[in-house]
>>> print(open('protein-v6.pdb').read())   # PDB, C-alpha atoms and all ligand atoms
MODEL        1
ATOM      1  CA  MET A   1       0.000   0.000   0.000
ATOM      2  CA  PRO A   2       1.737   3.183  -1.133
ATOM      3  CA  THR A   3       0.995   5.250   1.968
ATOM      4  CA  HIS A   4       3.473   7.919   2.984
ATOM      5  CA  ARG A   5       5.142   7.567   6.373
ATOM      6  CA  PRO A   6       7.374  10.164   7.988
ATOM      7  CA  SER A   7      10.844   8.719   8.407
ATOM      8  CA  LEU A   8      11.965   7.905  11.934
ATOM      9  CA  PHE A   9      15.319   6.991  13.379
ATOM     10  CA  LEU A  10      15.374   3.226  13.741
ATOM     11  CA  ALA A  11      16.030   3.281  17.487
ATOM     12  CA  ALA A  12      13.224   5.712  18.159
ATOM     13  CA  ARG A  13      10.889   3.647  16.039
ATOM     14  CA  LYS A  14      11.827   0.414  17.818
ATOM     15  CA  ALA A  15      11.274   2.073  21.180
ATOM     16  CA  ALA A  16       7.898   3.372  20.076
ATOM     17  CA  ILE A  17       6.857  -0.056  18.810
ATOM     18  CA  SER A  18       7.976  -1.738  22.054
ATOM     19  CA  ALA A  19       6.106   0.855  24.098
ATOM     20  CA  LEU A  20       2.983   0.251  22.046
ATOM     21  CA  ALA A  21       3.337  -3.512  22.422
ATOM     22  CA  VAL A  22       3.686  -3.195  26.214
ATOM     23  CA  LEU A  23       0.703  -0.875  26.330
ATOM     24  CA  ALA A  24      -1.340  -3.311  24.255
ATOM     25  CA  LEU A  25      -0.427  -6.221  26.543
ATOM     26  CA  ALA A  26      -1.035  -4.218  29.705
ATOM     27  CA  SER A  27      -4.432  -2.769  28.986
ATOM     28  CA  ALA A  28      -5.605  -4.328  25.699
ATOM     29  CA  PRO A  29      -7.238  -1.062  24.567
ATOM     30  CA  PRO A  30      -9.930  -1.370  21.915
ATOM     31  CA  LEU A  31      -8.794  -0.622  18.363
ATOM     32  CA  ALA A  32      -9.750   2.722  16.882
ATOM     33  CA  ALA A  33     -13.328   2.674  15.619
ATOM     34  CA  ALA A  34     -12.422   3.710  12.063
ATOM     35  CA  GLU A  35     -13.211   0.721   9.887
ATOM     36  CA  PRO A  36     -12.727   0.461   6.142
ATOM     37  CA  LEU A  37     -15.464  -0.432   3.709
ATOM     38  CA  SER A  38     -14.028  -2.861   1.206
ATOM     39  CA  ILE A  39     -15.482  -3.768  -2.191
ATOM     40  CA  THR A  40     -14.007  -6.626  -4.253
ATOM     41  CA  LEU A  41     -15.072  -7.403  -7.822
ATOM     42  CA  LEU A  42     -15.497 -11.178  -8.037
ATOM     43  CA  GLY A  43     -16.685 -11.066 -11.631
ATOM     44  CA  THR A  44     -16.472  -8.163 -14.084
ATOM     45  CA  GLY A  45     -17.827  -9.839 -17.210
ATOM     46  CA  SER A  46     -21.102 -10.492 -18.959
ATOM     47  CA  PRO A  47     -22.996 -13.679 -19.921
ATOM     48  CA  ALA A  48     -20.136 -14.518 -22.349
ATOM     49  CA  PRO A  49     -18.163 -17.517 -21.016
ATOM     50  CA  ASN A  50     -14.792 -15.970 -20.243
ATOM     51  CA  ALA A  51     -12.071 -17.428 -18.016
ATOM     52  CA  THR A  52     -10.658 -14.080 -16.913
ATOM     53  CA  ARG A  53     -13.920 -12.180 -16.480
ATOM     54  CA  PHE A  54     -16.524 -14.211 -14.632
ATOM     55  CA  SER A  55     -20.073 -12.895 -14.589
ATOM     56  CA  GLN A  56     -21.446 -10.478 -12.001
ATOM     57  CA  SER A  57     -20.677 -10.812  -8.324
ATOM     58  CA  ILE A  58     -19.323  -8.243  -5.870
ATOM     59  CA  LEU A  59     -18.051  -8.866  -2.341
ATOM     60  CA  VAL A  60     -18.706  -6.216   0.302
ATOM     61  CA  GLU A  61     -16.711  -6.368   3.555
ATOM     62  CA  ALA A  62     -17.511  -4.093   6.494
ATOM     63  CA  GLY A  63     -16.334  -4.893  10.005
ATOM     64  CA  SER A  64     -17.024  -8.576  10.639
ATOM     65  CA  ASP A  65     -19.768  -8.730   7.997
ATOM     66  CA  LYS A  66     -19.427  -9.922   4.416
ATOM     67  CA  TYR A  67     -22.073  -9.588   1.718
ATOM     68  CA  LEU A  68     -22.461 -10.605  -1.906
ATOM     69  CA  ILE A  69     -24.187  -8.417  -4.466
ATOM     70  CA  ASP A  70     -25.204 -10.911  -7.191
ATOM     71  CA  LEU A  71     -23.912 -14.469  -7.483
ATOM     72  CA  GLY A  72     -22.750 -14.866 -11.065
ATOM     73  CA  ARG A  73     -20.607 -17.545 -12.654
ATOM     74  CA  GLY A  74     -17.511 -18.432 -10.654
ATOM     75  CA  VAL A  75     -18.473 -16.753  -7.367
ATOM     76  CA  THR A  76     -17.317 -19.807  -5.371
ATOM     77  CA  ILE A  77     -13.967 -19.903  -7.187
ATOM     78  CA  ARG A  78     -13.258 -16.216  -6.576
ATOM     79  CA  LEU A  79     -14.143 -16.535  -2.868
ATOM     80  CA  SER A  80     -11.807 -19.523  -2.671
ATOM     81  CA  GLN A  81      -8.993 -17.464  -4.286
ATOM     82  CA  LEU A  82      -9.541 -14.889  -1.531
ATOM     83  CA  GLY A  83      -9.497 -17.609   1.144
ATOM     84  CA  ILE A  84     -13.005 -16.703   2.300
ATOM     85  CA  PRO A  85     -15.112 -19.678   3.436
ATOM     86  CA  MET A  86     -18.658 -19.488   2.119
ATOM     87  CA  ARG A  87     -20.130 -19.740   5.637
ATOM     88  CA  LYS A  88     -18.682 -16.253   6.315
ATOM     89  CA  ILE A  89     -21.140 -14.540   3.955
ATOM     90  CA  THR A  90     -23.724 -12.760   6.112
ATOM     91  CA  ALA A  91     -26.344 -12.245   3.369
ATOM     92  CA  SER A  92     -26.619 -11.917  -0.409
ATOM     93  CA  PHE A  93     -28.480  -9.393  -2.573
ATOM     94  CA  ILE A  94     -29.602  -9.821  -6.180
ATOM     95  CA  THR A  95     -29.905  -6.875  -8.582
ATOM     96  CA  HIS A  96     -32.254  -8.531 -11.110
ATOM     97  CA  SER A  97     -33.197 -11.903 -12.513
ATOM     98  CA  HIS A  98     -30.798 -12.186 -15.474
ATOM     99  CA  SER A  99     -28.812 -15.425 -15.534
ATOM    100  CA  ASP A 100     -25.370 -13.778 -15.550
ATOM    101  CA  HIS A 101     -26.152 -12.451 -12.050
ATOM    102  CA  LEU A 102     -27.498 -15.762 -10.749
ATOM    103  CA  ASN A 103     -25.725 -18.691 -12.317
ATOM    104  CA  GLY A 104     -23.322 -19.103  -9.390
ATOM    105  CA  LEU A 105     -26.143 -19.113  -6.854
ATOM    106  CA  ALA A 106     -26.871 -22.843  -6.823
ATOM    107  CA  ASP A 107     -23.134 -23.588  -6.554
ATOM    108  CA  PHE A 108     -22.668 -21.139  -3.660
ATOM    109  CA  TRP A 109     -25.766 -22.502  -1.909
ATOM    110  CA  MET A 110     -24.898 -26.202  -2.189
ATOM    111  CA  THR A 111     -21.093 -26.084  -2.012
ATOM    112  CA  GLY A 112     -21.252 -23.667   0.912
ATOM    113  CA  TRP A 113     -23.183 -26.289   2.878
ATOM    114  CA  ILE A 114     -20.558 -29.038   2.521
ATOM    115  CA  GLY A 115     -18.935 -29.420   5.928
ATOM    116  CA  THR A 116     -15.377 -28.585   4.839
ATOM    117  CA  GLY A 117     -13.116 -25.572   5.338
ATOM    118  CA  TYR A 118     -14.419 -23.776   2.252
ATOM    119  CA  GLY A 119     -18.092 -24.412   3.121
ATOM    120  CA  GLY A 120     -19.481 -25.307   6.508
ATOM    121  CA  ARG A 121     -22.621 -23.185   6.560
ATOM    122  CA  THR A 122     -24.905 -24.372   9.372
ATOM    123  CA  THR A 123     -27.461 -21.544   9.329
ATOM    124  CA  PRO A 124     -29.835 -20.665   6.448
ATOM    125  CA  MET A 125     -28.450 -18.849   3.415
ATOM    126  CA  VAL A 126     -29.926 -15.335   3.609
ATOM    127  CA  LEU A 127     -31.003 -13.957   0.233
ATOM    128  CA  TYR A 128     -32.708 -10.709  -0.811
ATOM    129  CA  GLY A 129     -33.762  -9.952  -4.361
ATOM    130  CA  PRO A 130     -36.500  -8.761  -6.700
ATOM    131  CA  ARG A 131     -39.899 -10.387  -7.071
ATOM    132  CA  GLY A 132     -39.307 -14.051  -7.935
ATOM    133  CA  THR A 133     -36.465 -14.576  -5.461
ATOM    134  CA  GLU A 134     -38.613 -16.489  -2.964
ATOM    135  CA  ALA A 135     -40.052 -18.660  -5.753
ATOM    136  CA  MET A 136     -36.554 -19.335  -7.150
ATOM    137  CA  ALA A 137     -35.365 -20.419  -3.696
ATOM    138  CA  LYS A 138     -38.311 -22.766  -3.260
ATOM    139  CA  HIS A 139     -37.751 -24.320  -6.677
ATOM    140  CA  LEU A 140     -34.000 -24.683  -6.112
ATOM    141  CA  GLU A 141     -34.761 -26.609  -2.937
ATOM    142  CA  MET A 142     -37.085 -28.862  -4.945
ATOM    143  CA  ALA A 143     -34.695 -29.263  -7.886
ATOM    144  CA  PHE A 144     -31.808 -30.374  -5.689
ATOM    145  CA  ALA A 145     -33.801 -32.277  -3.053
ATOM    146  CA  GLU A 146     -31.864 -35.461  -3.767
ATOM    147  CA  ASN A 147     -28.511 -33.755  -3.114
ATOM    148  CA  THR A 148     -29.901 -32.481   0.177
ATOM    149  CA  ARG A 149     -31.258 -35.905   1.130
ATOM    150  CA  ILE A 150     -28.091 -37.806   0.183
ATOM    151  CA  ARG A 151     -25.593 -35.481   1.865
ATOM    152  CA  HIS A 152     -27.634 -35.144   5.021
ATOM    153  CA  ALA A 153     -28.011 -38.921   5.342
ATOM    154  CA  ASP A 154     -24.406 -39.659   4.424
ATOM    155  CA  GLU A 155     -22.298 -36.734   5.667
ATOM    156  CA  LYS A 156     -24.660 -35.457   8.396
ATOM    157  CA  GLU A 157     -24.538 -31.812   7.327
ATOM    158  CA  PRO A 158     -27.290 -30.090   9.325
ATOM    159  CA  LEU A 159     -30.446 -29.349   7.347
ATOM    160  CA  SER A 160     -30.487 -25.796   8.757
ATOM    161  CA  GLY A 161     -27.462 -24.977   6.566
ATOM    162  CA  ILE A 162     -29.232 -25.841   3.295
ATOM    163  CA  GLU A 163     -32.328 -23.767   4.021
ATOM    164  CA  ILE A 164     -32.719 -20.537   2.034
ATOM    165  CA  ASP A 165     -34.053 -17.547   3.955
ATOM    166  CA  ALA A 166     -35.307 -15.725   0.845
ATOM    167  CA  HIS A 167     -36.992 -12.334   0.675
ATOM    168  CA  ASP A 168     -38.643 -10.567  -2.258
ATOM    169  CA  ILE A 169     -37.893  -6.861  -1.888
ATOM    170  CA  ALA A 170     -38.856  -3.655  -3.705
ATOM    171  CA  GLY A 171     -36.888  -0.507  -4.569
ATOM    172  CA  GLY A 172     -36.336   1.589  -1.443
ATOM    173  CA  PHE A 173     -35.857  -1.481   0.797
ATOM    174  CA  SER A 174     -33.054  -1.043   3.341
ATOM    175  CA  TYR A 175     -31.184  -3.753   5.220
ATOM    176  CA  GLU A 176     -29.256  -2.820   8.357
ATOM    177  CA  HIS A 177     -26.903  -5.027  10.367
ATOM    178  CA  ASN A 178     -23.849  -4.283  12.542
ATOM    179  CA  GLY A 179     -23.671  -0.709  11.258
ATOM    180  CA  VAL A 180     -23.886  -1.722   7.575
ATOM    181  CA  LYS A 181     -26.758  -0.303   5.541
ATOM    182  CA  ILE A 182     -27.625  -1.704   2.117
ATOM    183  CA  THR A 183     -30.413   0.037   0.189
ATOM    184  CA  ALA A 184     -31.962  -1.113  -3.092
ATOM    185  CA  PHE A 185     -32.946   1.539  -5.658
ATOM    186  CA  ASP A 186     -34.860   1.089  -8.912
ATOM    187  CA  SER A 187     -33.050   1.606 -12.195
ATOM    188  CA  HIS A 188     -34.007   1.105 -15.845
ATOM    189  CA  HIS A 189     -32.526  -1.926 -17.621
ATOM    190  CA  GLY A 190     -35.390  -2.410 -20.099
ATOM    191  CA  ASP A 191     -39.193  -2.212 -20.135
ATOM    192  CA  LEU A 192     -39.567  -5.962 -19.561
ATOM    193  CA  ILE A 193     -36.857  -6.268 -16.893
ATOM    194  CA  LYS A 194     -38.572  -5.209 -13.694
ATOM    195  CA  PRO A 195     -37.892  -5.008 -10.825
ATOM    196  CA  ASN A 196     -34.267  -4.054 -11.431
ATOM    197  CA  PHE A 197     -32.063  -2.663  -8.691
ATOM    198  CA  GLY A 198     -28.816  -0.913  -7.969
ATOM    199  CA  TYR A 199     -27.540  -0.884  -4.385
ATOM    200  CA  VAL A 200     -26.168   1.797  -2.063
ATOM    201  CA  ILE A 201     -23.830   0.498   0.645
ATOM    202  CA  GLU A 202     -23.045   2.682   3.653
ATOM    203  CA  TYR A 203     -20.748   1.943   6.555
ATOM    204  CA  ASP A 204     -18.948   4.114   9.090
ATOM    205  CA  GLY A 205     -19.303   7.295   7.014
ATOM    206  CA  LYS A 206     -18.254   5.601   3.764
ATOM    207  CA  LYS A 207     -20.470   5.083   0.733
ATOM    208  CA  ALA A 208     -20.195   2.779  -2.273
ATOM    209  CA  VAL A 209     -22.834   2.561  -4.993
ATOM    210  CA  ILE A 210     -23.350  -0.290  -7.456
ATOM    211  CA  SER A 211     -25.359   0.634 -10.560
ATOM    212  CA  GLY A 212     -26.445  -2.922 -11.352
ATOM    213  CA  ASP A 213     -27.397  -3.440 -14.990
ATOM    214  CA  THR A 214     -28.890  -0.239 -16.329
ATOM    215  CA  THR A 215     -29.333   1.990 -19.304
ATOM    216  CA  TYR A 216     -28.396   5.665 -18.889
ATOM    217  CA  ASP A 217     -30.514   6.466 -15.821
ATOM    218  CA  GLU A 218     -30.168   9.606 -13.714
ATOM    219  CA  LYS A 219     -31.517   7.652 -10.719
ATOM    220  CA  VAL A 220     -28.066   6.062 -10.597
ATOM    221  CA  ALA A 221     -26.489   9.537 -10.497
ATOM    222  CA  ARG A 222     -28.801  10.570  -7.656
ATOM    223  CA  ALA A 223     -28.054   7.390  -5.679
ATOM    224  CA  GLY A 224     -24.350   7.845  -6.382
ATOM    225  CA  LYS A 225     -24.240  11.496  -5.310
ATOM    226  CA  ASP A 226     -20.999  12.144  -3.429
ATOM    227  CA  ALA A 227     -20.247   8.426  -3.113
ATOM    228  CA  ASP A 228     -16.705   7.389  -2.389
ATOM    229  CA  LEU A 229     -16.972   4.737  -5.076
ATOM    230  CA  LEU A 230     -19.481   4.535  -7.934
ATOM    231  CA  LEU A 231     -19.299   1.213  -9.733
ATOM    232  CA  HIS A 232     -21.074   1.371 -13.070
ATOM    233  CA  GLU A 233     -21.836  -1.190 -15.727
ATOM    234  CA  VAL A 234     -20.717  -0.392 -19.280
ATOM    235  CA  ALA A 235     -21.124  -1.633 -22.841
ATOM    236  CA  TYR A 236     -19.189  -0.740 -25.955
ATOM    237  CA  ILE A 237     -20.535  -2.467 -29.053
ATOM    238  CA  SER A 238     -19.181  -1.309 -32.390
ATOM    239  CA  GLU A 239     -21.522  -0.071 -35.135
ATOM    240  CA  GLU A 240     -19.777  -2.543 -37.435
ATOM    241  CA  LEU A 241     -20.810  -5.492 -35.247
ATOM    242  CA  ILE A 242     -24.410  -4.255 -34.997
ATOM    243  CA  LYS A 243     -24.537  -4.214 -38.824
ATOM    244  CA  GLU A 244     -23.017  -7.706 -38.933
ATOM    245  CA  GLN A 245     -25.220  -9.159 -36.136
ATOM    246  CA  PRO A 246     -28.322  -7.002 -35.521
ATOM    247  CA  VAL A 247     -29.080  -8.880 -32.267
ATOM    248  CA  TYR A 248     -26.408  -6.684 -30.647
ATOM    249  CA  LYS A 249     -28.607  -3.606 -31.146
ATOM    250  CA  ALA A 250     -30.903  -4.899 -28.374
ATOM    251  CA  VAL A 251     -27.902  -5.672 -26.149
ATOM    252  CA  ALA A 252     -26.597  -2.111 -26.597
ATOM    253  CA  GLU A 253     -30.048  -0.713 -25.802
ATOM    254  CA  HIS A 254     -30.106  -2.464 -22.416
ATOM    255  CA  HIS A 255     -26.796  -1.055 -21.208
ATOM    256  CA  THR A 256     -24.851   2.179 -20.774
ATOM    257  CA  SER A 257     -22.203   3.434 -23.191
ATOM    258  CA  PRO A 258     -18.916   4.786 -21.781
ATOM    259  CA  GLU A 259     -19.933   8.337 -22.823
ATOM    260  CA  GLU A 260     -23.286   7.961 -21.018
ATOM    261  CA  ALA A 261     -21.580   6.559 -17.916
ATOM    262  CA  GLY A 262     -19.300   9.607 -17.989
ATOM    263  CA  ARG A 263     -22.374  11.857 -17.847
ATOM    264  CA  ILE A 264     -23.656   9.896 -14.824
ATOM    265  CA  PHE A 265     -20.247  10.252 -13.122
ATOM    266  CA  ASP A 266     -20.240  13.970 -13.893
ATOM    267  CA  GLN A 267     -23.597  14.404 -12.128
ATOM    268  CA  ALA A 268     -22.787  12.149  -9.162
ATOM    269  CA  LYS A 269     -19.227  13.381  -8.637
ATOM    270  CA  PRO A 270     -17.961  10.289  -6.805
ATOM    271  CA  LYS A 271     -14.458  10.356  -5.355
ATOM    272  CA  LEU A 272     -13.693   7.433  -7.644
ATOM    273  CA  ALA A 273     -15.639   5.895 -10.521
ATOM    274  CA  ALA A 274     -15.079   2.364 -11.791
ATOM    275  CA  PHE A 275     -16.444   0.104 -14.498
ATOM    276  CA  THR A 276     -17.637  -3.431 -14.008
ATOM    277  CA  HIS A 277     -19.939  -5.716 -16.065
ATOM    278  CA  LEU A 278     -17.857  -5.019 -19.164
ATOM    279  CA  VAL A 279     -19.604  -5.787 -22.454
ATOM    280  CA  VAL A 280     -17.053  -4.891 -25.119
ATOM    281  CA  ARG A 281     -17.651  -6.286 -28.578
ATOM    282  CA  LEU A 282     -16.158  -5.484 -31.931
ATOM    283  CA  ALA A 283     -16.911  -7.039 -35.296
ATOM    284  CA  GLY A 284     -15.453 -10.523 -35.728
ATOM    285  CA  GLU A 285     -14.929 -11.095 -31.983
ATOM    286  CA  GLN A 286     -16.661 -13.833 -30.010
ATOM    287  CA  LEU A 287     -15.799 -12.834 -26.470
ATOM    288  CA  ASP A 288     -15.178  -9.749 -24.404
ATOM    289  CA  LEU A 289     -11.939  -8.052 -25.353
ATOM    290  CA  PRO A 290      -9.314  -6.396 -23.212
ATOM    291  CA  ALA A 291     -11.342  -3.280 -22.752
ATOM    292  CA  SER A 292      -9.442  -0.538 -20.992
ATOM    293  CA  ASN A 293      -8.403   1.587 -23.952
ATOM    294  CA  VAL A 294     -11.717   1.862 -25.701
ATOM    295  CA  LEU A 295     -13.607   2.461 -22.428
ATOM    296  CA  LEU A 296     -11.232   5.090 -21.067
ATOM    297  CA  GLU A 297     -10.993   6.918 -24.375
ATOM    298  CA  ASN A 298     -14.775   7.196 -24.641
ATOM    299  CA  VAL A 299     -15.606   7.954 -20.989
ATOM    300  CA  GLY A 300     -13.017  10.722 -21.209
ATOM    301  CA  LYS A 301     -15.215  12.527 -23.741
ATOM    302  CA  THR A 302     -17.807  13.296 -21.053
ATOM    303  CA  TYR A 303     -15.984  12.989 -17.706
ATOM    304  CA  ALA A 304     -12.736  14.452 -16.464
ATOM    305  CA  GLY A 305     -12.517  12.682 -13.070
ATOM    306  CA  PRO A 306     -10.665   9.473 -12.180
ATOM    307  CA  VAL A 307     -12.046   6.203 -13.609
ATOM    308  CA  VAL A 308     -10.765   2.670 -13.074
ATOM    309  CA  VAL A 309     -11.598  -0.230 -15.401
ATOM    310  CA  GLY A 310     -12.401  -3.178 -13.140
ATOM    311  CA  GLU A 311     -10.699  -6.567 -13.253
ATOM    312  CA  ASP A 312     -11.769  -9.737 -11.461
ATOM    313  CA  LEU A 313     -10.490  -9.687  -7.860
ATOM    314  CA  MET A 314      -9.760  -5.965  -7.933
ATOM    315  CA  ARG A 315     -10.341  -4.567  -4.446
ATOM    316  CA  PHE A 316     -11.317  -1.045  -3.407
ATOM    317  CA  VAL A 317     -10.599  -0.273   0.244
ATOM    318  CA  ILE A 318     -12.268   2.916   1.465
ATOM    319  CA  ASP A 319     -10.786   4.084   4.748
ATOM    320  CA  ASP A 320     -10.923   7.400   6.573
ATOM    321  CA  ASP A 321      -8.207   9.050   4.500
ATOM    322  CA  ALA A 322      -8.153   7.413   1.114
ATOM    323  CA  ILE A 323      -9.474   4.892  -1.364
ATOM    324  CA  VAL A 324      -6.870   2.287  -2.249
ATOM    325  CA  VAL A 325      -7.260   0.068  -5.316
ATOM    326  CA  ASN A 326      -5.354  -3.188  -5.493
ATOM    327  CA  GLY A 327      -5.449  -6.630  -7.004
ATOM    328  CA  TYR A 328      -5.728  -9.478  -4.520
ATOM    329  CA  LYS A 329      -2.017 -10.074  -5.018
ATOM    330  CA  GLY A 330      -1.254  -6.347  -4.799
ATOM    331  CA  GLN A 331      -0.743  -6.134  -8.548
ATOM    332  CA  TYR A 332      -2.293  -2.722  -9.312
ATOM    333  CA  GLY A 333      -1.712  -0.158  -6.586
ATOM    334  CA  PHE A 334      -3.565   3.146  -6.788
ATOM    335  CA  ARG A 335      -4.423   5.552  -3.992
ATOM    336  CA  ILE A 336      -6.720   8.545  -4.111
ATOM    337  CA  LYS A 337      -7.378  10.895  -1.223
ATOM    338  CA  ARG A 338     -10.958  10.978   0.071
TER     339      ARG A 338
HETATM  340 ZN    ZN A 401     -29.136  -7.771 -16.977
HETATM  341 ZN    ZN A 402     -25.872  -8.544 -16.604
ENDMDL
END
>>> encode(input="protein-v6.pdb", output="structure tokens")
Amino acid sequence: MPTHRPSLFLAARKAAISALAVLALASAPPLAAAEPLSITLLGTGSPAPNATRFSQSILVEAGSDKYLIDLGRGVTIRLSQLGIPMRKITASFITHSHSDHLNGLADFWMTGWIGTGYGGRTTPMVLYGPRGTEAMAKHLEMAFAENTRIRHADEKEPLSGIEIDAHDIAGGFSYEHNGVKITAFDSHHGDLIKPNFGYVIEYDGKKAVISGDTTYDEKVARAGKDADLLLHEVAYISEELIKEQPVYKAVAEHHTSPEEAGRIFDQAKPKLAAFTHLVVRLAGEQLDLPASNVLLENVGKTYAGPVVVGEDLMRFVIDDDAIVVNGYKGQYGFRIKR
């Protein structure tokens, strides 16, 4: 982490550290209350099967709580790369009922119940999402009833851990737990895709906003007003490809172009803006491309502030002084003052 530290003489520093250690042992004072809000992109891609960009899932960490926003393809693999056992997830929130936001859900639910280090959930999986979430949970339980029966009989995993505590919610719903507040807001992804949410996450004076899938929608700008981090979806589909495969016209119409996202950022004025859910297609290409250049060039036409193009396992740590962006192996390294 590229923080600046005033230089100290080694002896003085050692003495200070020893004094602190003694103090800690003697009185065990509580740690300072300032807690970071941490957002990790588990998947930054689209429905396209892509080994480096899994589909949508975002990990939120605040104090001892951990949350998932969407459970797209590969969510269990990304959590495993981070060394986070699935039982540690406090609750999960779904933005809308498109498959690229849900196709890791059954894996997370069932694998998280297996009584090993990576799983071990013994209490119900808590799930909030748009209308249809409760029905989906009920049907998942029916679809995989034999897995539940077999494992419970054979491995003795407790049945409480395979229950789904599902809740259909509407825009405006707020969840609060241990100082974390997660609020769903309506956004426009298409006339037939309703309900459709973005989420505002607030913790200890920090604010991160996730657009979810959306067209250009000023409700996202209002929700993202003065956020520390505004994560926005983005699509760049070339005119050439739309001529070649007209189906992409509809795809483009359901998402936000980099120029449009720039206008949202300009209204919201977040401390840092970032792209996730990258849909970048050019003529002749099957899968999402390396996207940074074309996205940054086009967002720059409408927005002058800082923008980061997300990668899987990129982490944004918002603390009292700064927002630090890093890969899970420390491979990026970017710090911006709050
Ligand atoms: Zn969608
Ligand atoms: Zn999507």
>>> residues_near_ligand(input="protein-v6.pdb", ligand="ligand ZN 401 (chain A)", cutoff="10 Å", atoms="all atoms listed in the file", output="list in words")
Ser46, Pro47, Gln56, Thr95, His96, Ser97, His98, Ser99, Asp100, His101, His189, Gly190, Ile193, Asn196, Gly212, Asp213, Thr214, Glu233, Val251, His254, His255 and His277 of chain A
>>> atom_distance(input="protein-v6.pdb", atom1="CA of Leu79 (chain A)", atom2="CA of Gly43 (chain A)")
10.6 Å
>>> closest_residue(input="protein-v6.pdb", among="A:Gly284, A:Glu61, A:Met110, A:Ser211", to="Arg151 (chain A)", atoms="all atoms listed in the file")
A:Met110
>>> residues_around(input="protein-v6.pdb", residues="Lys207 (chain A)", least_positions_apart="2", cutoff="6 Å", atoms="only C-alpha atoms", output="ChimeraX atom specification")
/A:201-202,227-228
>>> residues_around(input="protein-v6.pdb", residues="His167 (chain A)", least_positions_apart="2", cutoff="7 Å", atoms="all atoms listed in the file", output="PDB file with C-alpha atoms, in the frame of the given file")
ATOM      1  CA  LEU A 127     -31.003 -13.957   0.233  1.00  0.00           C
ATOM      2  CA  TYR A 128     -32.708 -10.709  -0.811  1.00  0.00           C
ATOM      3  CA  GLY A 129     -33.762  -9.952  -4.361  1.00  0.00           C
ATOM      4  CA  THR A 133     -36.465 -14.576  -5.461  1.00  0.00           C
ATOM      5  CA  GLU A 134     -38.613 -16.489  -2.964  1.00  0.00           C
ATOM      6  CA  ASP A 165     -34.053 -17.547   3.955  1.00  0.00           C
ATOM      7  CA  ILE A 169     -37.893  -6.861  -1.888  1.00  0.00           C
TER       8      ILE A 169
END
>>> resolve_selection(input="protein-v6.pdb", expression="the PyMOL selection byres (((chain A and resi 268-272) around 7) and not hetatm)", output="ChimeraX atom specification")
/A:221-222,224-230,264-267,273-274,306-307,338
>>> closest_residue(input="protein-v6.pdb", among="A:Gly172, A:Gly83, A:Gly333, A:Pro130", to="Val308 (chain A)", atoms="all atoms listed in the file")
A:Gly333
>>> build_atoms(input="protein-v6.pdb", residues="region 240-252 of chain A", atoms="N, CA and C atoms", output="PDB file, in the frame of the given file")
ATOM      1  N   GLU A 240     -20.098  -1.511 -36.442  1.00  0.00           N
ATOM      2  CA  GLU A 240     -19.777  -2.543 -37.435  1.00  0.00           C
ATOM      3  C   GLU A 240     -20.380  -3.894 -37.021  1.00  0.00           C
ATOM      4  N   LEU A 241     -20.276  -4.216 -35.730  1.00  0.00           N
ATOM      5  CA  LEU A 241     -20.810  -5.492 -35.247  1.00  0.00           C
ATOM      6  C   LEU A 241     -22.339  -5.479 -35.298  1.00  0.00           C
ATOM      7  N   ILE A 242     -22.938  -4.336 -34.964  1.00  0.00           N
ATOM      8  CA  ILE A 242     -24.410  -4.255 -34.997  1.00  0.00           C
ATOM      9  C   ILE A 242     -24.912  -4.474 -36.428  1.00  0.00           C
ATOM     10  N   LYS A 243     -24.154  -3.968 -37.415  1.00  0.00           N
ATOM     11  CA  LYS A 243     -24.537  -4.214 -38.824  1.00  0.00           C
ATOM     12  C   LYS A 243     -24.390  -5.698 -39.153  1.00  0.00           C
ATOM     13  N   GLU A 244     -23.321  -6.293 -38.648  1.00  0.00           N
ATOM     14  CA  GLU A 244     -23.017  -7.706 -38.933  1.00  0.00           C
ATOM     15  C   GLU A 244     -24.006  -8.635 -38.219  1.00  0.00           C
ATOM     16  N   GLN A 245     -24.317  -8.324 -36.938  1.00  0.00           N
ATOM     17  CA  GLN A 245     -25.220  -9.159 -36.136  1.00  0.00           C
ATOM     18  C   GLN A 245     -26.227  -8.239 -35.419  1.00  0.00           C
ATOM     19  N   PRO A 246     -27.369  -7.991 -36.066  1.00  0.00           N
ATOM     20  CA  PRO A 246     -28.322  -7.002 -35.521  1.00  0.00           C
ATOM     21  C   PRO A 246     -28.797  -7.303 -34.092  1.00  0.00           C
ATOM     22  N   VAL A 247     -28.663  -8.541 -33.629  1.00  0.00           N
ATOM     23  CA  VAL A 247     -29.080  -8.880 -32.267  1.00  0.00           C
ATOM     24  C   VAL A 247     -28.361  -7.989 -31.242  1.00  0.00           C
ATOM     25  N   TYR A 248     -27.173  -7.515 -31.589  1.00  0.00           N
ATOM     26  CA  TYR A 248     -26.408  -6.684 -30.647  1.00  0.00           C
ATOM     27  C   TYR A 248     -27.012  -5.301 -30.433  1.00  0.00           C
ATOM     28  N   LYS A 249     -27.931  -4.900 -31.336  1.00  0.00           N
ATOM     29  CA  LYS A 249     -28.607  -3.606 -31.146  1.00  0.00           C
ATOM     30  C   LYS A 249     -29.392  -3.652 -29.829  1.00  0.00           C
ATOM     31  N   ALA A 250     -30.111  -4.756 -29.603  1.00  0.00           N
ATOM     32  CA  ALA A 250     -30.903  -4.899 -28.374  1.00  0.00           C
ATOM     33  C   ALA A 250     -29.988  -4.944 -27.145  1.00  0.00           C
ATOM     34  N   VAL A 251     -28.845  -5.615 -27.281  1.00  0.00           N
ATOM     35  CA  VAL A 251     -27.902  -5.672 -26.149  1.00  0.00           C
ATOM     36  C   VAL A 251     -27.460  -4.252 -25.794  1.00  0.00           C
ATOM     37  N   ALA A 252     -27.064  -3.488 -26.842  1.00  0.00           N
ATOM     38  CA  ALA A 252     -26.597  -2.111 -26.597  1.00  0.00           C
ATOM     39  C   ALA A 252     -27.693  -1.278 -25.940  1.00  0.00           C
TER      40      ALA A 252
END
